[in-house]
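Participant: Before we start, here is the structure in question, set down as structure tokens.
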Amino acid sequence: NLDDTAATDVAVDTPVWQRGGGRHGHGEDVLTKEFLRKYIHFAKKSIHPVLSEDAMEAISSAYAGMRGRQSRRNLPVTARTLETIIRIASANAKARLSKSVESCDVDVALDLMNFVIFHEAGDADGAGEVGGSGKGQNGNVLGGGEPEEVEDMNGGEEENGDWMEGTEVDRGSPRYERLMQVLLEVFASGKVEIELKELLALLNNQPAAGVSRRSTAKALKKDYSPSEAEAILLQLQMDNKIMYEDGNIIQI
């Protein structure tokens, strides 16, 4: 609450409100640049929202709908589109200083993505239509490229796009299959989300099941590193098998 903030010591060092310009004769109070700069810095460094179940459901449903609607006349809907939706929703949650990404944040992300991909303007109260005609006038709204990654409120996080576009993990390798096996067991137990560190603990502490060939057994003796596991997870995300965001693996 900005009114509450004004009553704290922060208001002494950083004024929250200033008198607005009188160009239109309103003269309403507006937030100061100094306060906004500190607000954004605090949100980027201190707020790390996680996806709520409602948000995951909304994202999964909307993404499936967008995949079903894509055509040659609009931008492609890929795994990077899914990642962008999650990033925008997470950024909106950070802007609200929320510890969780909620449906309202997903609505904001879908408004933007539907406009970029399908040229639909969402209403002010929620997401754009997911079941509309999808008729766009120009498929190259952003120069024919993928939607840009959002990083302003995500703390300047590095993109995974370079790896995703240029490198693929060997899907037939024993280590890839081992990670897939453990993930399937986790999701079969009823969990829909697991942290990377939890997955690494399972991978590196559990004996490998169904290992018969000597070369396979040797390949699985080495512990999984975070970077190796993340590379496989990003490949799985590209294959639309999971969602991977901020160290969390989510079933879709």
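Note on naming: chains are A, B, ... as they come in the structure tokens, residues start from 1 per chain, ligands start from 1 in the order shown.
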Can you tell me, as a VMD selection string, which residues in region 18-93 of chain A count as alpha helix (DSSP H) by DSSP?

Facilitator: chain A and resid 33 to 46 53 to 69 79 to 93

Participant: I want to know what sits within 8 Å of region 50-58 of chain A, based on only C-alpha atoms, with residues of the same chain fewer than 6 positions away left out; could you give that as a list in words?

Facilitator: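 Once the adjacent positions are removed, what remains is Ser90, Lys99, Ser100, Val101, Glu102, Ser103, Asp105 and Val106 of chain A.
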
Participant: Between A:Gly190, A:Pro49, A:Pro76, A:Gly68, single out the one closest to Ala89 (chain A), counting only C-alpha atoms.

Facilitator: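 Looking at the shortest contact to Ala89 (chain A), the residue is A:Pro49.
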
Participant: Using only C-alpha atoms, which protein or nucleic acid residues come within 10 Å of Leu36 (chain A)? Drop anything in the same chain fewer than 6 positions from it, and give the result as an MDAnalysis selection string.

Facilitator: chainID A and resid 14 16 42

Participant: Mind dumping the selected residues with N, CA, C and O atoms as a compact mmCIF listing (two decimals), in the first residue's frame?

Facilitator:
```txt
# COMPACT_ATOMS: atom_id res chain seq x y z
N THR A 14 13.13 9.21 0.49
CA THR A 14 12.64 9.12 -0.88
C THR A 14 11.17 9.51 -0.92
O THR A 14 10.31 8.72 -0.54
N VAL A 16 7.49 9.79 -1.96
CA VAL A 16 6.69 8.86 -2.76
C VAL A 16 5.88 9.61 -3.80
O VAL A 16 5.77 9.18 -4.96
N PHE A 42 13.72 -3.15 -5.61
CA PHE A 42 13.29 -4.05 -4.55
C PHE A 42 12.55 -5.25 -5.13
O PHE A 42 12.78 -6.40 -4.72
```

Participant: Can you work out the spacing between CA of Phe187 (chain A) and CA of Gln237 (chain A) in Å, to one decimal?

Facilitator: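 Between these atoms lies a distance of 15.4 Å.
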
Participant: For Leu199 (chain A), find every residue with an atom within 9 Å (counting only C-alpha atoms), except residues of its own chain fewer than 3 positions away, and show them as an MDAnalysis selection string.

Facilitator: chainID A and resid 179 182:183 186 194:196 202:204 229 249

Participant: Take the selection from the previous step and output its residues with all heavy atoms, as a PDB file, in the first residue's frame.

Facilitator:
```pdb
ATOM      1  N   LEU A 179      16.860 -39.533 -16.314  1.00  0.00           N
ATOM      2  CA  LEU A 179      16.177 -38.345 -15.790  1.00  0.00           C
ATOM      3  C   LEU A 179      14.688 -38.406 -16.118  1.00  0.00           C
ATOM      4  O   LEU A 179      13.841 -38.087 -15.273  1.00  0.00           O
ATOM      5  CB  LEU A 179      16.810 -37.072 -16.353  1.00  0.00           C
ATOM      6  CG  LEU A 179      16.335 -35.757 -15.750  1.00  0.00           C
ATOM      7  CD1 LEU A 179      17.475 -34.740 -15.691  1.00  0.00           C
ATOM      8  CD2 LEU A 179      15.171 -35.161 -16.530  1.00  0.00           C
ATOM      9  N   VAL A 182      12.945 -40.852 -13.707  1.00  0.00           N
ATOM     10  CA  VAL A 182      12.725 -40.302 -12.361  1.00  0.00           C
ATOM     11  C   VAL A 182      11.596 -39.277 -12.372  1.00  0.00           C
ATOM     12  O   VAL A 182      10.749 -39.245 -11.474  1.00  0.00           O
ATOM     13  CB  VAL A 182      14.032 -39.686 -11.818  1.00  0.00           C
ATOM     14  CG1 VAL A 182      13.770 -38.943 -10.509  1.00  0.00           C
ATOM     15  CG2 VAL A 182      15.076 -40.771 -11.610  1.00  0.00           C
ATOM     16  N   LEU A 183      11.561 -38.422 -13.404  1.00  0.00           N
ATOM     17  CA  LEU A 183      10.488 -37.432 -13.500  1.00  0.00           C
ATOM     18  C   LEU A 183       9.130 -38.105 -13.610  1.00  0.00           C
ATOM     19  O   LEU A 183       8.157 -37.691 -12.968  1.00  0.00           O
ATOM     20  CB  LEU A 183      10.717 -36.530 -14.716  1.00  0.00           C
ATOM     21  CG  LEU A 183      11.461 -35.216 -14.504  1.00  0.00           C
ATOM     22  CD1 LEU A 183      11.489 -34.415 -15.786  1.00  0.00           C
ATOM     23  CD2 LEU A 183      10.843 -34.393 -13.379  1.00  0.00           C
ATOM     24  N   VAL A 186       8.059 -39.323 -10.295  1.00  0.00           N
ATOM     25  CA  VAL A 186       7.617 -38.211  -9.435  1.00  0.00           C
ATOM     26  C   VAL A 186       6.191 -37.805  -9.782  1.00  0.00           C
ATOM     27  O   VAL A 186       5.329 -37.663  -8.906  1.00  0.00           O
ATOM     28  CB  VAL A 186       8.576 -37.005  -9.580  1.00  0.00           C
ATOM     29  CG1 VAL A 186       7.983 -35.771  -8.921  1.00  0.00           C
ATOM     30  CG2 VAL A 186       9.932 -37.330  -8.971  1.00  0.00           C
ATOM     31  N   ILE A 194       8.236 -30.099  -9.043  1.00  0.00           N
ATOM     32  CA  ILE A 194       9.395 -30.488  -8.233  1.00  0.00           C
ATOM     33  C   ILE A 194      10.522 -29.511  -8.507  1.00  0.00           C
ATOM     34  O   ILE A 194      10.684 -29.034  -9.634  1.00  0.00           O
ATOM     35  CB  ILE A 194       9.836 -31.945  -8.553  1.00  0.00           C
ATOM     36  CG1 ILE A 194      11.012 -32.350  -7.648  1.00  0.00           C
ATOM     37  CG2 ILE A 194      10.178 -32.106 -10.008  1.00  0.00           C
ATOM     38  CD1 ILE A 194      11.411 -33.812  -7.784  1.00  0.00           C
ATOM     39  N   GLU A 195      11.288 -29.180  -7.485  1.00  0.00           N
ATOM     40  CA  GLU A 195      12.417 -28.279  -7.649  1.00  0.00           C
ATOM     41  C   GLU A 195      13.611 -29.029  -8.218  1.00  0.00           C
ATOM     42  O   GLU A 195      13.765 -30.244  -8.023  1.00  0.00           O
ATOM     43  CB  GLU A 195      12.799 -27.650  -6.309  1.00  0.00           C
ATOM     44  CG  GLU A 195      11.772 -26.686  -5.752  1.00  0.00           C
ATOM     45  CD  GLU A 195      12.218 -26.020  -4.481  1.00  0.00           C
ATOM     46  OE1 GLU A 195      13.367 -26.262  -4.050  1.00  0.00           O
ATOM     47  OE2 GLU A 195      11.428 -25.259  -3.907  1.00  0.00           O
ATOM     48  N   LEU A 196      14.475 -28.300  -8.910  1.00  0.00           N
ATOM     49  CA  LEU A 196      15.654 -28.907  -9.525  1.00  0.00           C
ATOM     50  C   LEU A 196      16.522 -29.587  -8.470  1.00  0.00           C
ATOM     51  O   LEU A 196      17.027 -30.695  -8.691  1.00  0.00           O
ATOM     52  CB  LEU A 196      16.461 -27.845 -10.277  1.00  0.00           C
ATOM     53  CG  LEU A 196      17.792 -28.306 -10.889  1.00  0.00           C
ATOM     54  CD1 LEU A 196      17.572 -29.448 -11.872  1.00  0.00           C
ATOM     55  CD2 LEU A 196      18.502 -27.150 -11.562  1.00  0.00           C
ATOM     56  N   LEU A 202      17.231 -36.963  -6.021  1.00  0.00           N
ATOM     57  CA  LEU A 202      16.687 -38.253  -6.433  1.00  0.00           C
ATOM     58  C   LEU A 202      17.601 -38.939  -7.446  1.00  0.00           C
ATOM     59  O   LEU A 202      17.858 -40.139  -7.364  1.00  0.00           O
ATOM     60  CB  LEU A 202      15.291 -38.068  -7.033  1.00  0.00           C
ATOM     61  CG  LEU A 202      14.181 -37.637  -6.071  1.00  0.00           C
ATOM     62  CD1 LEU A 202      12.898 -37.348  -6.839  1.00  0.00           C
ATOM     63  CD2 LEU A 202      13.930 -38.723  -5.024  1.00  0.00           C
ATOM     64  N   LEU A 203      18.080 -38.158  -8.407  1.00  0.00           N
ATOM     65  CA  LEU A 203      18.924 -38.726  -9.460  1.00  0.00           C
ATOM     66  C   LEU A 203      20.240 -39.274  -8.904  1.00  0.00           C
ATOM     67  O   LEU A 203      20.708 -40.333  -9.318  1.00  0.00           O
ATOM     68  CB  LEU A 203      19.228 -37.661 -10.522  1.00  0.00           C
ATOM     69  CG  LEU A 203      18.088 -37.268 -11.460  1.00  0.00           C
ATOM     70  CD1 LEU A 203      18.467 -36.018 -12.245  1.00  0.00           C
ATOM     71  CD2 LEU A 203      17.753 -38.402 -12.422  1.00  0.00           C
ATOM     72  N   ASN A 204      20.835 -38.546  -7.969  1.00  0.00           N
ATOM     73  CA  ASN A 204      22.173 -38.891  -7.503  1.00  0.00           C
ATOM     74  C   ASN A 204      22.186 -39.827  -6.304  1.00  0.00           C
ATOM     75  O   ASN A 204      23.238 -40.333  -5.929  1.00  0.00           O
ATOM     76  CB  ASN A 204      22.947 -37.611  -7.172  1.00  0.00           C
ATOM     77  CG  ASN A 204      23.170 -36.743  -8.395  1.00  0.00           C
ATOM     78  OD1 ASN A 204      23.270 -37.241  -9.513  1.00  0.00           O
ATOM     79  ND2 ASN A 204      23.242 -35.432  -8.195  1.00  0.00           N
ATOM     80  N   ALA A 229      21.553 -31.443 -15.802  1.00  0.00           N
ATOM     81  CA  ALA A 229      20.124 -31.688 -15.606  1.00  0.00           C
ATOM     82  C   ALA A 229      19.299 -30.575 -16.244  1.00  0.00           C
ATOM     83  O   ALA A 229      18.264 -30.837 -16.872  1.00  0.00           O
ATOM     84  CB  ALA A 229      19.822 -31.787 -14.106  1.00  0.00           C
ATOM     85  N   ILE A 249      10.359 -27.581 -11.929  1.00  0.00           N
ATOM     86  CA  ILE A 249       9.910 -28.417 -13.031  1.00  0.00           C
ATOM     87  C   ILE A 249       8.423 -28.687 -12.836  1.00  0.00           C
ATOM     88  O   ILE A 249       8.017 -29.190 -11.779  1.00  0.00           O
ATOM     89  CB  ILE A 249      10.689 -29.741 -13.096  1.00  0.00           C
ATOM     90  CG1 ILE A 249      12.190 -29.451 -13.179  1.00  0.00           C
ATOM     91  CG2 ILE A 249      10.245 -30.580 -14.281  1.00  0.00           C
ATOM     92  CD1 ILE A 249      12.982 -30.006 -12.031  1.00  0.00           C
TER      93      ILE A 249
END
```

Participant: Quick check, in Å to one decimal: how far apart do CA of Ile250 (chain A) and CA of Lys45 (chain A) lie?

Facilitator: 23.6 Å
